[in-house]
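Q: The following file, final_8.csv, comprises CSV, C-alpha atoms and all ligand atoms:
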```
chain,number,residue,atom,x,y,z
A,1,MET,CA,-19.6,-5.2,30.3
A,2,LYS,CA,-17.7,-5.6,27.0
A,3,ARG,CA,-15.5,-2.6,26.2
A,4,THR,CA,-13.8,-1.6,23.0
A,5,ALA,CA,-10.3,-0.3,22.9
A,6,ALA,CA,-9.0,1.3,19.6
A,7,PHE,CA,-5.3,1.1,19.0
A,8,ILE,CA,-4.3,3.7,16.4
A,9,PHE,CA,-0.7,3.5,15.1
A,10,ALA,CA,1.3,4.2,12.0
A,11,HIS,CA,2.8,0.9,10.8
A,12,PRO,CA,2.0,-2.8,10.9
A,13,ASP,CA,4.2,-4.0,13.8
A,14,ASP,CA,3.8,-0.9,16.0
A,15,GLU,CA,1.0,-2.7,17.9
A,16,THR,CA,3.1,-5.8,18.4
A,17,PHE,CA,6.2,-4.0,19.5
A,18,LEU,CA,4.4,-1.9,22.0
A,19,ALA,CA,1.1,-3.4,23.1
A,20,SER,CA,0.9,-7.2,22.4
A,21,CYS,CA,0.2,-8.1,25.9
A,22,LEU,CA,-2.4,-5.4,26.5
A,23,ILE,CA,-4.2,-6.4,23.3
A,24,ARG,CA,-4.1,-10.1,24.3
A,25,GLN,CA,-5.3,-9.3,27.9
A,26,LEU,CA,-8.3,-7.3,26.6
A,27,THR,CA,-9.2,-10.2,24.3
A,28,ASP,CA,-8.9,-12.8,27.1
A,29,ASN,CA,-11.1,-10.6,29.3
A,30,GLY,CA,-13.8,-10.6,26.7
A,31,ASP,CA,-13.3,-7.0,25.6
A,32,GLN,CA,-12.8,-5.9,22.0
A,33,PRO,CA,-9.4,-4.6,20.9
A,34,ILE,CA,-9.4,-3.1,17.4
A,35,LEU,CA,-6.6,-1.6,15.3
A,36,LEU,CA,-6.3,1.3,12.8
A,37,LEU,CA,-3.0,1.6,10.9
A,38,ALA,CA,-2.3,4.8,8.9
A,39,THR,CA,0.1,3.0,6.5
A,40,ARG,CA,0.6,-0.5,5.2
A,41,GLY,CA,4.3,-0.2,6.0
A,42,ASP,CA,5.3,-0.2,2.4
A,43,ALA,CA,8.5,1.8,2.9
A,44,GLY,CA,9.6,-0.4,5.9
A,45,LYS,CA,13.3,-1.3,5.8
A,46,LYS,CA,13.9,-3.8,3.1
A,47,ASN,CA,16.5,-6.3,4.2
A,48,GLY,CA,17.6,-9.7,3.1
A,49,ASP,CA,14.8,-11.7,1.5
A,50,VAL,CA,12.5,-8.8,1.0
A,51,GLY,CA,15.1,-6.5,-0.5
A,52,HIS,CA,13.9,-7.1,-4.0
A,53,LEU,CA,10.3,-6.2,-3.4
A,54,THR,CA,8.6,-3.1,-4.7
A,55,GLU,CA,6.8,-0.8,-2.2
A,56,GLU,CA,3.5,-2.3,-3.5
A,57,GLN,CA,4.7,-5.8,-2.9
A,58,LEU,CA,6.1,-5.0,0.5
A,59,GLY,CA,2.9,-3.4,1.5
A,60,ALA,CA,0.9,-6.4,0.5
A,61,ARG,CA,3.3,-8.7,2.3
A,62,ARG,CA,3.1,-6.6,5.5
A,63,GLU,CA,-0.7,-6.7,5.3
A,64,LYS,CA,-0.5,-10.5,5.3
A,65,GLU,CA,2.0,-10.5,8.2
A,66,MET,CA,-0.4,-8.2,10.1
A,67,GLU,CA,-3.2,-10.7,9.6
A,68,ARG,CA,-1.1,-13.4,11.2
A,69,ALA,CA,-0.1,-11.2,14.1
A,70,ALA,CA,-3.7,-10.1,14.6
A,71,ALA,CA,-4.8,-13.8,15.0
A,72,ILE,CA,-2.1,-14.3,17.6
A,73,LEU,CA,-3.0,-11.1,19.5
A,74,GLY,CA,-6.7,-11.8,19.2
A,75,LEU,CA,-7.4,-8.5,17.4
A,76,LYS,CA,-11.0,-8.5,16.3
A,77,ARG,CA,-10.5,-5.9,13.5
A,78,VAL,CA,-7.6,-4.3,11.6
A,79,GLU,CA,-8.2,-1.4,9.2
A,80,HIS,CA,-5.6,0.4,7.1
A,81,LEU,CA,-5.9,3.9,5.9
A,82,GLY,CA,-3.2,3.2,3.2
A,83,LEU,CA,-1.4,6.5,3.5
A,84,PRO,CA,2.2,6.5,2.1
A,85,ASP,CA,4.7,5.1,4.7
A,86,GLY,CA,7.2,7.7,5.8
A,87,LYS,CA,5.1,10.6,4.6
A,88,LEU,CA,2.3,11.0,7.1
A,89,ASN,CA,3.5,14.5,7.7
A,90,ALA,CA,2.5,15.4,4.1
A,91,ALA,CA,-1.0,13.9,4.4
A,92,ASP,CA,-3.9,16.3,4.2
A,93,ASP,CA,-4.8,17.0,7.8
A,94,VAL,CA,-8.5,17.6,7.1
A,95,TRP,CA,-8.8,14.2,5.3
A,96,PHE,CA,-6.7,12.4,7.9
A,97,VAL,CA,-8.7,13.8,10.8
A,98,LYS,CA,-11.9,12.8,9.0
A,99,ARG,CA,-10.8,9.2,8.4
A,100,VAL,CA,-9.6,8.6,12.0
A,101,ALA,CA,-12.9,10.2,13.3
A,102,GLU,CA,-14.9,7.9,11.0
A,103,PHE,CA,-13.1,4.8,12.4
A,104,ILE,CA,-13.8,5.9,16.0
A,105,ARG,CA,-17.4,6.8,15.3
A,106,ALA,CA,-18.0,3.5,13.5
A,107,HIS,CA,-16.7,1.3,16.4
A,108,GLU,CA,-17.4,3.6,19.4
A,109,PRO,CA,-14.4,2.7,21.5
A,110,GLU,CA,-14.4,3.8,25.2
A,111,ILE,CA,-10.6,3.7,25.1
A,112,VAL,CA,-8.1,5.0,22.5
A,113,ILE,CA,-4.4,4.1,22.6
A,114,THR,CA,-1.7,5.8,20.4
A,115,PHE,CA,1.8,7.1,20.4
A,116,PRO,CA,2.8,10.1,22.6
A,117,GLU,CA,3.6,13.4,21.1
A,118,ASP,CA,7.3,12.4,20.6
A,119,GLY,CA,6.2,9.3,18.7
A,120,GLY,CA,8.2,7.2,21.3
A,121,ASN,CA,11.2,7.4,19.1
A,122,PHE,CA,10.7,10.7,17.2
A,123,HIS,CA,9.7,8.9,14.1
A,124,PRO,CA,7.8,11.5,12.0
A,125,ASP,CA,5.0,9.0,11.2
A,126,HIS,CA,4.5,8.1,14.8
A,127,MET,CA,4.4,11.8,15.8
A,128,ALA,CA,1.9,12.6,13.0
A,129,ILE,CA,-0.6,9.8,14.0
A,130,SER,CA,-0.3,10.9,17.6
A,131,LYS,CA,-1.2,14.5,16.7
A,132,ILE,CA,-4.1,13.5,14.5
A,133,THR,CA,-5.5,11.0,17.0
A,134,THR,CA,-5.2,13.3,19.9
A,135,SER,CA,-7.0,16.1,18.0
A,136,VAL,CA,-9.8,13.8,17.1
A,137,VAL,CA,-10.3,12.6,20.7
A,138,LEU,CA,-10.2,16.1,22.1
A,139,SER,CA,-12.5,17.5,19.4
A,140,GLY,CA,-15.6,16.3,21.1
A,141,ASP,CA,-16.8,14.7,17.8
A,142,CYS,CA,-16.2,11.2,19.2
A,143,PRO,CA,-18.2,11.1,22.4
A,144,SER,CA,-17.8,7.4,23.0
A,145,VAL,CA,-14.1,7.9,24.0
A,146,GLN,CA,-13.6,8.2,27.8
A,147,LYS,CA,-9.9,7.7,28.0
A,148,LEU,CA,-6.8,8.4,25.8
A,149,TYR,CA,-3.6,6.6,26.5
A,150,TYR,CA,-0.1,7.2,25.2
A,151,VAL,CA,2.5,4.5,25.0
A,152,ALA,CA,5.0,5.5,27.7
A,153,SER,CA,8.1,7.4,26.5
A,154,GLU,CA,11.3,9.1,27.8
A,155,THR,CA,9.8,12.5,27.0
A,156,LEU,CA,6.6,11.8,29.0
A,157,LYS,CA,8.8,10.5,31.9
A,158,GLU,CA,10.9,13.7,31.8
A,159,GLN,CA,7.6,15.7,32.0
A,160,GLY,CA,6.7,13.7,35.1
A,161,HIS,CA,4.0,11.6,33.5
A,162,ARG,CA,4.1,8.1,34.9
A,163,PRO,CA,2.4,5.1,33.4
A,164,SER,CA,-1.1,4.3,34.8
A,165,VAL,CA,-1.0,0.8,33.4
A,166,SER,CA,2.1,-1.4,33.2
A,167,ILE,CA,2.1,-5.0,32.0
A,168,ASP,CA,4.9,-7.5,32.7
A,169,THR,CA,5.4,-9.3,29.3
A,170,GLU,CA,7.5,-12.1,30.8
A,171,PRO,CA,4.5,-14.5,31.5
A,172,TRP,CA,3.2,-13.8,28.0
A,173,TRP,CA,6.5,-13.8,26.3
A,174,ASP,CA,5.9,-16.8,24.0
A,175,MET,CA,2.8,-15.2,22.7
A,176,LYS,CA,4.5,-11.8,22.1
A,177,ALA,CA,7.5,-13.5,20.4
A,178,ALA,CA,5.2,-15.4,18.1
A,179,ALA,CA,3.4,-12.1,17.1
A,180,LEU,CA,6.8,-10.5,16.5
A,181,LYS,CA,7.9,-13.4,14.3
A,182,ALA,CA,4.7,-13.0,12.3
A,183,HIS,CA,6.1,-9.6,11.1
A,184,ASP,CA,8.8,-11.6,9.3
A,185,SER,CA,9.8,-8.8,6.9
A,186,GLN,CA,10.8,-6.7,9.9
A,187,LYS,CA,12.9,-9.4,11.6
A,188,TYR,CA,16.1,-7.3,11.6
A,189,ALA,CA,14.3,-4.4,13.3
A,190,VAL,CA,12.8,-6.9,15.8
A,191,ALA,CA,16.2,-8.4,16.6
A,192,ARG,CA,17.7,-4.9,17.0
A,193,TYR,CA,15.0,-3.9,19.5
A,194,PHE,CA,14.3,-7.1,21.4
A,195,GLY,CA,17.4,-9.2,20.8
A,196,ASP,CA,17.1,-13.0,21.0
A,197,LEU,CA,13.3,-13.7,21.0
A,198,ARG,CA,13.8,-17.0,22.9
A,199,VAL,CA,14.1,-15.0,26.1
A,200,CYS,CA,12.1,-12.1,27.5
A,201,PRO,CA,14.5,-9.1,27.2
A,202,GLN,CA,14.8,-7.4,30.7
A,203,GLN,CA,15.2,-3.9,29.2
A,204,ARG,CA,12.0,-4.3,27.1
A,205,ARG,CA,10.1,-6.4,29.7
A,206,TYR,CA,7.2,-4.0,30.4
A,207,GLU,CA,4.5,-2.5,28.2
A,208,ALA,CA,3.5,0.8,29.8
A,209,PHE,CA,0.8,3.3,29.0
A,210,VAL,CA,0.3,6.8,30.3
A,211,LEU,CA,-3.3,8.0,30.8
A,212,SER,CA,-3.1,11.4,29.0
A,213,TRP,CA,-6.8,12.3,29.1
A,214,GLU,CA,-9.9,11.0,30.9
A,215,ARG,CA,-13.3,12.6,30.3
A,216,GLY,CA,-11.9,16.2,30.2
A,217,SER,CA,-9.0,15.8,32.7
A,218,PHE,CA,-5.5,15.9,31.3
A,219,TYR,CA,-2.9,13.5,32.8
A,220,PRO,CA,-4.9,12.4,35.9
A,221,ALA,CA,-2.3,10.7,38.1
A,222,LYS,CA,-3.7,7.2,38.6
A,223,SER,CA,-2.5,3.7,39.1
A,224,GLU,CA,-4.7,1.2,37.4
A,225,GLN,CA,-5.0,-2.5,37.0
A,226,SER,CA,-6.4,-2.2,33.5
A,227,VAL,CA,-7.2,0.4,30.8
A,228,THR,CA,-10.8,-0.6,31.4
A,229,ASP,CA,-10.8,0.7,35.0
A,230,GLY,CA,-13.0,3.6,35.9
A,231,LEU,CA,-15.2,3.6,32.8
A,232,VAL,CA,-18.7,4.8,33.1
J,1,ZN,ZN,6.2,2.4,13.4
```
Now, as a test, write the supplied structure out as structure tokens.
A:
Amino acid sequence: MKRTAAFIFAHPDDETFLASCLIRQLTDNGDQPILLLATRGDAGKKNGDVGHLTEEQLGARREKEMERAAAILGLKRVEHLGLPDGKLNAADDVWFVKRVAEFIRAHEPEIVITFPEDGGNFHPDHMAISKITTSVVLSGDCPSVQKLYYVASETLKEQGHRPSVSIDTEPWWDMKAAALKAHDSQKYAVARYFGDLRVCPQQRRYEAFVLSWERGSFYPAKSEQSVTDGLV
């Protein structure tokens, strides 16, 4: 049975940094990964050849880069809310919740994947989209959703929450590196995080996801082969 997994993140490239192989695996299995981004990444660090761009031009460029990455990852659909990059905290919560809920109700995913509460790296935009997405899933207004996953983080680990799904990116590394390269305006950030893209970096080798909620249970301790395990 074909399943839909909604990835809900803040910036174009979050999905590639954290979930390239999970997205590609879902596509290859005949499932349907889709992506909602809160911003177009229009305030993303402007280095080198994009230093001269206005925020509007950078946002347009990053949207194009996202299209290229989406083709490599096999994402069936990418939507942008177009909120201002770096300022998700200031967004009107009622409007924000409504838009995320509309996306989920329109596509009826069984699975939702987002940042953990700490945003993974305490980025305020990451923390904001985590909070909004979690509240939408737990509200009961989106009954298609059976499971909510957080990208694994140090904070979750300290709280004793282990990843349910862990994917070794090494066999997929050429695909992930190509998707990272598609986000060309972010190449300095990519190099800082992953190093030389010609080799799979051992310290960034695994994509890991913590099952934070499943049909009413919080943090059920499970080891799973796939995020699609155990759906009804
Ligand atoms: Zn981000």
Q: Between A:Thr169, A:Gln186, A:Ser20, A:Gln146, which has the minimum distance to ligand ZN 1 (chain J) (counting all atoms listed in the file)?
A: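 Comparing A:Thr169, A:Gln186, A:Ser20, A:Gln146 against ligand ZN 1 (chain J), the winner is A:Gln186.
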Q: Rank A:Asp85, A:Glu63, A:Asp196, A:Glu102 by their smallest atom-to-atom distance to ligand ZN 1 (chain J), using only C-alpha atoms and all ligand atoms, and report the top residue only.
A: A:Asp85
Q: Ranking A:Ala182, A:Leu231, A:Val210, A:Val78 by minimum distance to Phe17 (chain A) and counting all atoms listed in the file, which one comes first?
A: A:Ala182
Q: Which residues are near ligand ZN 1 (chain J) in this structure, taking near to mean any atom at most 9 Å from a ligand atom and counting all atoms listed in the file? Format them as a short mmCIF file (atom, residue, chain, number, x, y, z; two decimals) with C-alpha atoms, in the coordinates of the input.
A:
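What landed in out-v7.cif:
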```cif
data_model
loop_
_atom_site.label_atom_id
_atom_site.label_comp_id
_atom_site.auth_asym_id
_atom_site.auth_seq_id
_atom_site.Cartn_x
_atom_site.Cartn_y
_atom_site.Cartn_z
CA PHE A 9 -0.70 3.50 15.10
CA ALA A 10 1.30 4.20 12.00
CA HIS A 11 2.80 0.90 10.80
CA PRO A 12 2.00 -2.80 10.90
CA ASP A 13 4.20 -4.00 13.80
CA ASP A 14 3.80 -0.90 16.00
CA GLU A 15 1.00 -2.70 17.90
CA PHE A 17 6.20 -4.00 19.50
CA GLY A 41 4.30 -0.20 6.00
CA GLY A 44 9.60 -0.40 5.90
CA GLY A 119 6.20 9.30 18.70
CA HIS A 123 9.70 8.90 14.10
CA ASP A 125 5.00 9.00 11.20
CA HIS A 126 4.50 8.10 14.80
#
```
Q: Considering only C-alpha atoms, state which residue in the set A:Ile72, A:Leu148, A:Val165, A:Leu180 is at the smallest distance from Ile113 (chain A).
A: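 Ranking A:Ile72, A:Leu148, A:Val165, A:Leu180 by distance to Ile113 (chain A), first place goes to A:Leu148.
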Q: Would you mind completing region 8-25 of chain A so that it carries N, CA and C atoms, and writing it out as a PDB file, in the coordinates of the input?
A:
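Output saved as result-v2.pdb:
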```
ATOM      1  N   ILE A   8      -4.439   2.969  17.680  1.00  0.00           N
ATOM      2  CA  ILE A   8      -4.300   3.700  16.400  1.00  0.00           C
ATOM      3  C   ILE A   8      -2.775   4.032  16.275  1.00  0.00           C
ATOM      4  N   PHE A   9      -2.171   3.368  15.303  1.00  0.00           N
ATOM      5  CA  PHE A   9      -0.700   3.500  15.100  1.00  0.00           C
ATOM      6  C   PHE A   9      -0.401   3.746  13.646  1.00  0.00           C
ATOM      7  N   ALA A  10       0.913   3.819  13.347  1.00  0.00           N
ATOM      8  CA  ALA A  10       1.300   4.200  12.000  1.00  0.00           C
ATOM      9  C   ALA A  10       1.609   3.004  11.093  1.00  0.00           C
ATOM     10  N   HIS A  11       2.305   1.981  11.617  1.00  0.00           N
ATOM     11  CA  HIS A  11       2.800   0.900  10.800  1.00  0.00           C
ATOM     12  C   HIS A  11       2.379  -0.482  11.327  1.00  0.00           C
ATOM     13  N   PRO A  12       2.173  -1.472  10.416  1.00  0.00           N
ATOM     14  CA  PRO A  12       2.000  -2.800  10.900  1.00  0.00           C
ATOM     15  C   PRO A  12       3.262  -3.224  11.665  1.00  0.00           C
ATOM     16  N   ASP A  13       3.161  -3.613  12.832  1.00  0.00           N
ATOM     17  CA  ASP A  13       4.200  -4.000  13.800  1.00  0.00           C
ATOM     18  C   ASP A  13       4.244  -3.106  15.032  1.00  0.00           C
ATOM     19  N   ASP A  14       3.817  -1.819  14.871  1.00  0.00           N
ATOM     20  CA  ASP A  14       3.800  -0.900  16.000  1.00  0.00           C
ATOM     21  C   ASP A  14       3.034  -1.526  17.190  1.00  0.00           C
ATOM     22  N   GLU A  15       1.861  -2.095  16.855  1.00  0.00           N
ATOM     23  CA  GLU A  15       1.000  -2.700  17.900  1.00  0.00           C
ATOM     24  C   GLU A  15       1.663  -3.861  18.595  1.00  0.00           C
ATOM     25  N   THR A  16       2.428  -4.648  17.825  1.00  0.00           N
ATOM     26  CA  THR A  16       3.100  -5.800  18.400  1.00  0.00           C
ATOM     27  C   THR A  16       4.268  -5.444  19.261  1.00  0.00           C
ATOM     28  N   PHE A  17       5.079  -4.496  18.756  1.00  0.00           N
ATOM     29  CA  PHE A  17       6.200  -4.000  19.500  1.00  0.00           C
ATOM     30  C   PHE A  17       5.776  -3.485  20.895  1.00  0.00           C
ATOM     31  N   LEU A  18       4.682  -2.695  20.881  1.00  0.00           N
ATOM     32  CA  LEU A  18       4.400  -1.900  22.000  1.00  0.00           C
ATOM     33  C   LEU A  18       3.221  -2.333  22.904  1.00  0.00           C
ATOM     34  N   ALA A  19       2.315  -3.152  22.339  1.00  0.00           N
ATOM     35  CA  ALA A  19       1.100  -3.400  23.100  1.00  0.00           C
ATOM     36  C   ALA A  19       0.542  -4.841  22.923  1.00  0.00           C
ATOM     37  N   SER A  20       1.392  -5.789  22.553  1.00  0.00           N
ATOM     38  CA  SER A  20       0.900  -7.200  22.400  1.00  0.00           C
ATOM     39  C   SER A  20       0.159  -7.701  23.563  1.00  0.00           C
ATOM     40  N   CYS A  21       0.745  -7.517  24.739  1.00  0.00           N
ATOM     41  CA  CYS A  21       0.200  -8.100  25.900  1.00  0.00           C
ATOM     42  C   CYS A  21      -1.102  -7.417  26.366  1.00  0.00           C
ATOM     43  N   LEU A  22      -1.121  -6.109  26.196  1.00  0.00           N
ATOM     44  CA  LEU A  22      -2.400  -5.400  26.500  1.00  0.00           C
ATOM     45  C   LEU A  22      -3.488  -5.836  25.581  1.00  0.00           C
ATOM     46  N   ILE A  23      -3.189  -5.991  24.299  1.00  0.00           N
ATOM     47  CA  ILE A  23      -4.200  -6.400  23.300  1.00  0.00           C
ATOM     48  C   ILE A  23      -4.730  -7.821  23.707  1.00  0.00           C
ATOM     49  N   ARG A  24      -3.766  -8.727  23.966  1.00  0.00           N
ATOM     50  CA  ARG A  24      -4.100 -10.100  24.300  1.00  0.00           C
ATOM     51  C   ARG A  24      -4.963 -10.181  25.594  1.00  0.00           C
ATOM     52  N   GLN A  25      -4.558  -9.351  26.569  1.00  0.00           N
ATOM     53  CA  GLN A  25      -5.300  -9.300  27.900  1.00  0.00           C
ATOM     54  C   GLN A  25      -6.725  -8.857  27.667  1.00  0.00           C
TER      55      GLN A  25
END
```
